[in-house]
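> To start, I am sharing the structure in question, which I have written as structure tokens.
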Amino acid sequence: MVKRGLQLLYAVLILHVLWALGAWVVDRPLLPTPWAVYMYFPHLLNMDLWWNIYFSLYRLAMSLVFATLIGVPLGIMNVRLPKFGALFEPLVYFTYPIPKIALLPVIMLLAGLGNASKIITITLIIVFQIIIGVRDAVKQIPPTMYQVLDVLAADRWQTFVNVTGPASLAGFFSALKIALGTAIATLFFTEMYGTQYGMGYYIMDQWNRLDYLAMFGGIIVISVVSFLLFLTISGLERYCLRWQNK
């Protein structure tokens with residue numbers, strides 16, 4: 001734990017050194033120094049920052065929940081039900097490379113400009129990462145693990161609880177962490193349209209106002225929030241795997 005903390009501190013230090021060097025080379029207000037941004041932070045608290053964080057977190061959380069509820073069963077069924085997989089696999093193969101973000105105007109026309117269109121768009125993009133991650137994890141389960149349960153005449157639920165679920169847990173969390181990064185990038189884009197709250201809107205609004213200190217402050221905030229979410233998922237993964245091995 002201490003070693004990992006030191007590595008994190010080292011990475012943060014290097015990033016700030018590069019940032020300071022970049023600000024010194026550019027020497028323009030559009031790239032302020034790190035200490036100027038941090039000194040400006042108290043002013044951000046008076047600019048509805050917490051509401052922007054709340055709406056972004058809400059959209060992220062709902063998207064991850066929906067993608068998990070849809071992607072995990074489909075990923076498992078794709079492997080465990082061969083007939084379903086034969087029909088579903090070509091659909092995933094064909095639709096996965098399609099840039100779903102291009103569907104945002106259509107989704108906004110159908111679902112409106114509120115949270116629904118943003119959550120649907122993010123879910124559509126990251127659900128494929130969940131499906132593929134879970135599918136690949138289930139494919140790696142040795143057939144011999146199922147043979148014991150077949151001899152005991154276990155039903156599908158018992159098979160899932162005792163073999164498929166535990167064996168694919170690590171693959172699911174890996175896919176979820178990858179999906180988180182994609183979801184945050186997509187969130188930033190979707191919040192540029194049809195909303196007055198969200199970190200994406202906040203950053204672009206400050207950019208339009210030429211308030212670069214507030215803009216970089218927003219970038220730091222969303223970066224810290226994203227990192228904390230990543231740590232939360234990693235901690236949940238360690239807890240589940242530790243509980244599973246007991």
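Ordering of the structure tokens sets the chain letters (A, B, ...), residue numbers begin anew at 1 in every chain, and ligands are numbered from 1 in the order given.
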List the spatial neighbours of Lys118 (chain A) as a short mmCIF file (atom, residue, chain, number, x, y, z; two decimals) with N, CA, C and O atoms, in the first residue's frame - criterion: any atom at most 9 Å away, only C-alpha atoms, same-chain residues fewer than 2 positions off excluded.


data_model
loop_
_atom_site.label_atom_id
_atom_site.label_comp_id
_atom_site.auth_asym_id
_atom_site.auth_seq_id
_atom_site.Cartn_x
_atom_site.Cartn_y
_atom_site.Cartn_z
N ARG A 59 -25.24 10.64 -13.83
CA ARG A 59 -25.27 10.09 -15.19
C ARG A 59 -24.29 8.93 -15.35
O ARG A 59 -24.59 7.92 -16.00
N SER A 63 -25.48 4.98 -15.96
CA SER A 63 -24.98 4.33 -17.17
C SER A 63 -24.25 3.04 -16.85
O SER A 63 -24.43 2.01 -17.52
N LEU A 104 -26.02 10.25 -31.09
CA LEU A 104 -26.49 11.19 -30.07
C LEU A 104 -27.60 12.10 -30.57
O LEU A 104 -28.59 12.29 -29.85
N ILE A 107 -30.77 10.05 -30.61
CA ILE A 107 -31.21 9.74 -29.25
C ILE A 107 -31.80 10.97 -28.58
O ILE A 107 -32.81 10.88 -27.86
N MET A 108 -31.21 12.14 -28.81
CA MET A 108 -31.73 13.36 -28.23
C MET A 108 -33.10 13.70 -28.80
O MET A 108 -33.96 14.24 -28.09
N LEU A 113 -33.65 16.22 -24.31
CA LEU A 113 -32.35 16.83 -24.04
C LEU A 113 -31.86 16.60 -22.61
O LEU A 113 -30.78 17.06 -22.25
N GLY A 114 -32.66 15.91 -21.79
CA GLY A 114 -32.32 15.75 -20.39
C GLY A 114 -31.36 14.61 -20.13
O GLY A 114 -30.58 14.19 -21.00
N ASN A 115 -31.44 14.07 -18.92
CA ASN A 115 -30.52 13.02 -18.49
C ASN A 115 -30.68 11.74 -19.30
O ASN A 115 -29.71 11.02 -19.52
N ALA A 116 -31.91 11.45 -19.73
CA ALA A 116 -32.18 10.17 -20.40
C ALA A 116 -31.31 9.98 -21.63
O ALA A 116 -30.72 8.90 -21.83
N ILE A 120 -28.55 7.02 -21.98
CA ILE A 120 -28.72 6.03 -23.04
C ILE A 120 -27.48 5.98 -23.93
O ILE A 120 -26.99 4.90 -24.29
N THR A 121 -26.96 7.14 -24.30
CA THR A 121 -25.78 7.19 -25.17
C THR A 121 -24.58 6.53 -24.51
O THR A 121 -23.88 5.70 -25.13
N ILE A 122 -24.32 6.88 -23.26
CA ILE A 122 -23.17 6.30 -22.56
C ILE A 122 -23.35 4.79 -22.40
O ILE A 122 -22.41 4.01 -22.61
N THR A 123 -24.56 4.38 -22.06
CA THR A 123 -24.83 2.95 -21.88
C THR A 123 -24.61 2.18 -23.18
O THR A 123 -24.02 1.09 -23.18
N THR A 186 -17.13 9.87 -22.83
CA THR A 186 -18.41 10.08 -23.51
C THR A 186 -19.28 11.08 -22.75
O THR A 186 -19.98 11.90 -23.36
N LEU A 187 -19.24 11.01 -21.42
CA LEU A 187 -20.00 11.95 -20.60
C LEU A 187 -19.62 13.39 -20.91
O LEU A 187 -20.49 14.26 -21.05
N THR A 190 -21.29 14.37 -24.21
CA THR A 190 -22.75 14.49 -24.17
C THR A 190 -23.19 15.70 -23.35
O THR A 190 -24.26 16.28 -23.63
N GLU A 191 -22.40 16.09 -22.34
CA GLU A 191 -22.80 17.21 -21.50
C GLU A 191 -22.54 18.57 -22.15
O GLU A 191 -22.84 19.60 -21.57
#

> Could you list, as a PDB file with C-alpha atoms, in the first residue's frame, every residue within 9 Å of Trp51 (chain A), counting only C-alpha atoms and ignoring same-chain residues fewer than 4 positions away?


ATOM      1  CA  PHE A  55     -25.219  15.533 -12.178  1.00  0.00           C
ATOM      2  CA  SER A  56     -22.111  14.035 -13.778  1.00  0.00           C
ATOM      3  CA  TYR A 197     -25.229  21.133 -15.367  1.00  0.00           C
ATOM      4  CA  GLY A 198     -22.417  18.604 -15.529  1.00  0.00           C
TER       5      GLY A 198
END

> Measure the distance from CA of Ile125 (chain A) to CA of Phe189 (chain A) in Å and round it to one decimal.

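Rounded to one decimal, the two atoms are 12.6 Å apart.
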
> A:Thr68, A:Gln129, A:Thr232, A:Thr164: which is nearest Met145 (chain A), counting only C-alpha atoms?

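Of A:Thr68, A:Gln129, A:Thr232, A:Thr164, the one nearest Met145 (chain A) is A:Thr164, counting only C-alpha atoms.
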
> Neighbouring residues of Pro42 (chain A) were defined as those with any atom within 12 Å, considering only C-alpha atoms; residues of the same chain fewer than 5 positions away were excluded. Please report them as a VMD selection string.

chain A and resid 36 to 37 47 49 213 to 214 217

> Could those residues be written to a file, using C-alpha atoms, as a PDB file, in the first residue's frame?


ATOM      1  CA  ALA A  36      -2.427  29.739  -9.977  1.00  0.00           C
ATOM      2  CA  VAL A  37      -5.208  27.214 -10.564  1.00  0.00           C
ATOM      3  CA  MET A  47     -19.956  28.613  -9.097  1.00  0.00           C
ATOM      4  CA  LEU A  49     -19.469  23.258  -8.817  1.00  0.00           C
ATOM      5  CA  LEU A 213      -8.379  29.233 -14.264  1.00  0.00           C
ATOM      6  CA  ALA A 214     -11.911  27.919 -13.721  1.00  0.00           C
ATOM      7  CA  GLY A 217      -9.994  23.797 -12.099  1.00  0.00           C
TER       8      GLY A 217
END

> Using Å and a single decimal, report how far CA of Lys177 (chain A) sits from CA of Arg238 (chain A).

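We find that CA of Arg238 (chain A) and CA of Lys177 (chain A) lie 13.0 Å from each other.
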
> Tell me, which residues of region 163-218 of chain A carry DSSP helix (DSSP H, G or I), written as a ChimeraX atom specification?

/A:163-190,199-208,212-218

> Taking into account only C-alpha atoms, which residue in the set A:Gln206, A:Arg4, A:Ile184, A:Ala170 is nearest to Glu237 (chain A)?

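The shortest atom-to-atom distance to Glu237 (chain A) comes from A:Ala170.
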
> Point out the residue among A:Ile220, A:Pro143, A:Trp243, A:Pro99 with the least atom-to-atom distance to His16 (chain A), counting only C-alpha atoms.

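Checking each candidate against His16 (chain A), we get A:Ile220 as the closest.
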
> Given the choices A:Ile70, A:Met204, A:Leu81, A:Val12, which gets closest to Phe216 (chain A) if the distance is worked out from only C-alpha atoms?

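Between A:Ile70, A:Met204, A:Leu81, A:Val12, the residue approaching Phe216 (chain A) most closely is A:Met204.
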
> Using only C-alpha atoms, determine which residues lie at most 9 Å from Ala20 (chain A), disregarding the query and same-chain residues fewer than 2 positions distant; provide the list as a PyMOL selection string.

chain A and resi 15-18+22-25+32-35
